[in-house]
Amino acid sequence: MSIIECLDLFDRSILAVTGCGGKTSFINLLAEKKRDKKVLISPTTKTYPLYADRVKLCKTLQQCEEHQPQTGVQCLGILNTATGKLGPLPEHVLADMMPDYDLMLLEADGCRGLLCKGWRENEPVIPWFCTHTVGIVTMNALGSAATESIIHRLPEFLSITGLQKGKPITPQALEAMVCSAQGMFKNSAGARYLLVNQVEDNTTARIARSFLQRIKKNYSNHFTKLLYGSVHLDMWQEV
């Protein structure tokens, strides 16, 4: 299935995307699939902007508020010219923009390109009005040592998972990272979708399927859908 078929999107859907292992690529994929509509991409944290070569980026909140929605993909946030990153719009400003867009894609998390993460109390930053929370995880960290080179916010990750620093990352640790009350979906809003990304061969498919089947058993009714597949290939299967 294509990701569009999997996510039960409707007019005015608002997705918060959290996790690690392909958030930006996932947002890019959805935006391209829907570029014949009015699509807004915006961060709720600090992030590098998508479509920076095609979109006029706002340097002030007033410029963002005065922006006129149009068909295609638009990226809004307050540009920090020193860092090149977009800062978040105030939540009430995003809420006011809801009626103007067919689809809003909010990058609600940052992991510095690492494979795993632990979350602080205020993370992930998910507005209350989101219709979907999409969590993305990869199995590529399995067996790696739990260190700063693999994990963003290592102390928080160790606290969530009970793992010791330097010990191999297990499926149970990843399950806790995703499903713990202090984990990836801690501040979720709307329907919850868990995606295992970067599954592109039979071996990774077997590992991902086993991982999701365990979550389905241990966290019945916690998620709307459990999916594994590849953003790169846009091929997905439901568990």
# chains A, B, ... in the order shown; residues from 1 in each chain; ligands from 1
>>> closest_atom_pairs(of="region 13-106 of chain A", to="region 128-134 of chain A", cutoff="7 Å", atoms="only C-alpha atoms", output="Markdown table")
| residue | atom | partner | partner_atom | distance |
| --- | --- | --- | --- | --- |
| A:Ser13 | CA | A:Thr131 | CA | 5.9 |
| A:Ile14 | CA | A:Cys130 | CA | 4.9 |
| A:Leu15 | CA | A:His132 | CA | 4.7 |
| A:Ala16 | CA | A:Thr133 | CA | 4.9 |
| A:Val17 | CA | A:Val134 | CA | 4.8 |
| A:Thr18 | CA | A:Val134 | CA | 6.2 |
>>> write_last_selection(atoms="N, CA and C atoms", output="short mmCIF file (atom, residue, chain, number, x, y, z; two decimals), in the first residue's frame")
data_model
loop_
_atom_site.label_atom_id
_atom_site.label_comp_id
_atom_site.auth_asym_id
_atom_site.auth_seq_id
_atom_site.Cartn_x
_atom_site.Cartn_y
_atom_site.Cartn_z
N SER A 13 -6.75 17.42 7.41
CA SER A 13 -5.97 16.60 8.34
C SER A 13 -4.74 17.38 8.80
N ILE A 14 -4.38 17.18 10.07
CA ILE A 14 -3.21 17.84 10.67
C ILE A 14 -2.37 16.76 11.33
N LEU A 15 -1.19 16.52 10.79
CA LEU A 15 -0.32 15.44 11.27
C LEU A 15 0.86 16.00 12.03
N ALA A 16 1.08 15.49 13.24
CA ALA A 16 2.31 15.73 13.98
C ALA A 16 3.20 14.51 13.79
N VAL A 17 4.44 14.72 13.39
CA VAL A 17 5.36 13.62 13.10
C VAL A 17 6.49 13.64 14.12
N THR A 18 6.65 12.51 14.81
CA THR A 18 7.64 12.40 15.86
C THR A 18 8.51 11.16 15.63
#
>>> residues_around(residues="Thr138 (chain A)", least_positions_apart="3", cutoff="10 Å", atoms="only C-alpha atoms", output="PDB file with C-alpha atoms, in the first residue's frame")
ATOM      1  CA  GLY A  19      10.344   9.777  16.392  1.00  0.00           C
ATOM      2  CA  CYS A  20      13.615   8.987  14.639  1.00  0.00           C
ATOM      3  CA  GLY A  21      14.487   7.277  11.400  1.00  0.00           C
ATOM      4  CA  GLY A  22      12.970   9.338   8.591  1.00  0.00           C
ATOM      5  CA  LEU A 115      18.632   6.345  15.456  1.00  0.00           C
ATOM      6  CA  CYS A 116      17.040   6.574  18.919  1.00  0.00           C
ATOM      7  CA  ALA A 141      19.825   0.499  16.115  1.00  0.00           C
ATOM      8  CA  LEU A 142      19.229  -3.076  17.288  1.00  0.00           C
ATOM      9  CA  LEU A 174      12.877   0.051  21.431  1.00  0.00           C
ATOM     10  CA  LEU A 195       5.579   3.269  11.346  1.00  0.00           C
ATOM     11  CA  VAL A 196       8.709   1.141  11.193  1.00  0.00           C
ATOM     12  CA  ASN A 197      10.680   2.733   8.367  1.00  0.00           C
ATOM     13  CA  GLN A 198      13.681   1.600   6.284  1.00  0.00           C
ATOM     14  CA  VAL A 199      12.278  -1.900   5.763  1.00  0.00           C
ATOM     15  CA  THR A 204      14.310  -6.284   7.979  1.00  0.00           C
ATOM     16  CA  ALA A 208       9.891  -5.214  11.881  1.00  0.00           C
ATOM     17  CA  TYR A 228       6.162  -1.277   8.364  1.00  0.00           C
ATOM     18  CA  GLY A 229       7.757  -0.394   5.075  1.00  0.00           C
TER      19      GLY A 229
END
>>> select_by_dssp(residues="region 3-215 of chain A", states="strand (DSSP E)", output="ChimeraX atom specification")
/A:13-19,38-43,72-75,78-80,85-87,103-107,116-117,132-138,151-152,191-197
>>> residues_around(residues="region 74-89 of chain A", least_positions_apart="6", cutoff="6 Å", atoms="only C-alpha atoms", output="list of chain:residue names")
A:Leu40, A:Ile41, A:Ser42, A:Pro43, A:Thr44, A:Thr45, A:Lys46, A:Thr47, A:Tyr48, A:Cys58, A:Lys59, A:Thr60
>>> atom_distance(atom1="CA of Gln237 (chain A)", atom2="CA of Ser2 (chain A)")
9.0 Å
>>> residues_around(residues="Lys216 (chain A)", least_positions_apart="3", cutoff="12 Å", atoms="only C-alpha atoms", output="JSON, numbers by chain")
{"A": [175, 179, 194, 209, 210, 211, 212, 213, 219, 220, 221, 222, 223, 224, 225, 226, 227, 238, 239]}
>>> atom_distance(atom1="CA of Asp201 (chain A)", atom2="CA of Ser230 (chain A)")
9.9 Å
>>> decode(residues="region 85-103 of chain A", atoms="N, CA and C atoms", output="PDB file, in the first residue's frame")
ATOM      1  N   LYS A  85      17.818  27.782  10.510  1.00  0.00           N
ATOM      2  CA  LYS A  85      16.726  26.943  10.992  1.00  0.00           C
ATOM      3  C   LYS A  85      15.423  27.736  11.091  1.00  0.00           C
ATOM      4  N   LEU A  86      14.319  26.994  11.009  1.00  0.00           N
ATOM      5  CA  LEU A  86      13.011  27.588  11.254  1.00  0.00           C
ATOM      6  C   LEU A  86      12.622  27.370  12.706  1.00  0.00           C
ATOM      7  N   GLY A  87      12.167  28.436  13.334  1.00  0.00           N
ATOM      8  CA  GLY A  87      11.594  28.318  14.657  1.00  0.00           C
ATOM      9  C   GLY A  87      10.090  28.129  14.549  1.00  0.00           C
ATOM     10  N   PRO A  88       9.442  27.619  15.587  1.00  0.00           N
ATOM     11  CA  PRO A  88       8.009  27.322  15.518  1.00  0.00           C
ATOM     12  C   PRO A  88       7.148  28.571  15.559  1.00  0.00           C
ATOM     13  N   LEU A  89       5.982  28.461  14.934  1.00  0.00           N
ATOM     14  CA  LEU A  89       4.961  29.480  15.088  1.00  0.00           C
ATOM     15  C   LEU A  89       4.228  29.247  16.408  1.00  0.00           C
ATOM     16  N   PRO A  90       3.706  30.301  17.031  1.00  0.00           N
ATOM     17  CA  PRO A  90       2.873  30.089  18.218  1.00  0.00           C
ATOM     18  C   PRO A  90       1.694  29.170  17.895  1.00  0.00           C
ATOM     19  N   GLU A  91       1.306  28.360  18.865  1.00  0.00           N
ATOM     20  CA  GLU A  91       0.253  27.375  18.632  1.00  0.00           C
ATOM     21  C   GLU A  91      -1.051  28.024  18.169  1.00  0.00           C
ATOM     22  N   HIS A  92      -1.383  29.185  18.710  1.00  0.00           N
ATOM     23  CA  HIS A  92      -2.638  29.827  18.319  1.00  0.00           C
ATOM     24  C   HIS A  92      -2.592  30.304  16.869  1.00  0.00           C
ATOM     25  N   VAL A  93      -1.408  30.627  16.377  1.00  0.00           N
ATOM     26  CA  VAL A  93      -1.276  31.038  14.976  1.00  0.00           C
ATOM     27  C   VAL A  93      -1.499  29.838  14.058  1.00  0.00           C
ATOM     28  N   LEU A  94      -0.908  28.702  14.404  1.00  0.00           N
ATOM     29  CA  LEU A  94      -1.153  27.479  13.631  1.00  0.00           C
ATOM     30  C   LEU A  94      -2.633  27.117  13.653  1.00  0.00           C
ATOM     31  N   ALA A  95      -3.251  27.242  14.819  1.00  0.00           N
ATOM     32  CA  ALA A  95      -4.675  26.913  14.927  1.00  0.00           C
ATOM     33  C   ALA A  95      -5.514  27.813  14.024  1.00  0.00           C
ATOM     34  N   ASP A  96      -5.153  29.075  13.952  1.00  0.00           N
ATOM     35  CA  ASP A  96      -5.894  30.001  13.100  1.00  0.00           C
ATOM     36  C   ASP A  96      -5.734  29.659  11.619  1.00  0.00           C
ATOM     37  N   MET A  97      -4.638  29.010  11.266  1.00  0.00           N
ATOM     38  CA  MET A  97      -4.371  28.669   9.864  1.00  0.00           C
ATOM     39  C   MET A  97      -5.086  27.392   9.422  1.00  0.00           C
ATOM     40  N   MET A  98      -5.618  26.627  10.364  1.00  0.00           N
ATOM     41  CA  MET A  98      -6.193  25.316  10.031  1.00  0.00           C
ATOM     42  C   MET A  98      -7.202  25.354   8.890  1.00  0.00           C
ATOM     43  N   PRO A  99      -8.145  26.286   8.875  1.00  0.00           N
ATOM     44  CA  PRO A  99      -9.155  26.263   7.805  1.00  0.00           C
ATOM     45  C   PRO A  99      -8.600  26.569   6.414  1.00  0.00           C
ATOM     46  N   ASP A 100      -7.371  27.108   6.361  1.00  0.00           N
ATOM     47  CA  ASP A 100      -6.834  27.583   5.087  1.00  0.00           C
ATOM     48  C   ASP A 100      -6.068  26.526   4.311  1.00  0.00           C
ATOM     49  N   TYR A 101      -5.806  25.377   4.927  1.00  0.00           N
ATOM     50  CA  TYR A 101      -4.971  24.359   4.285  1.00  0.00           C
ATOM     51  C   TYR A 101      -5.696  23.017   4.227  1.00  0.00           C
ATOM     52  N   ASP A 102      -5.451  22.280   3.154  1.00  0.00           N
ATOM     53  CA  ASP A 102      -6.027  20.938   3.005  1.00  0.00           C
ATOM     54  C   ASP A 102      -5.282  19.917   3.855  1.00  0.00           C
ATOM     55  N   LEU A 103      -3.988  20.178   4.088  1.00  0.00           N
ATOM     56  CA  LEU A 103      -3.160  19.251   4.859  1.00  0.00           C
ATOM     57  C   LEU A 103      -2.065  20.055   5.555  1.00  0.00           C
TER      58      LEU A 103
END
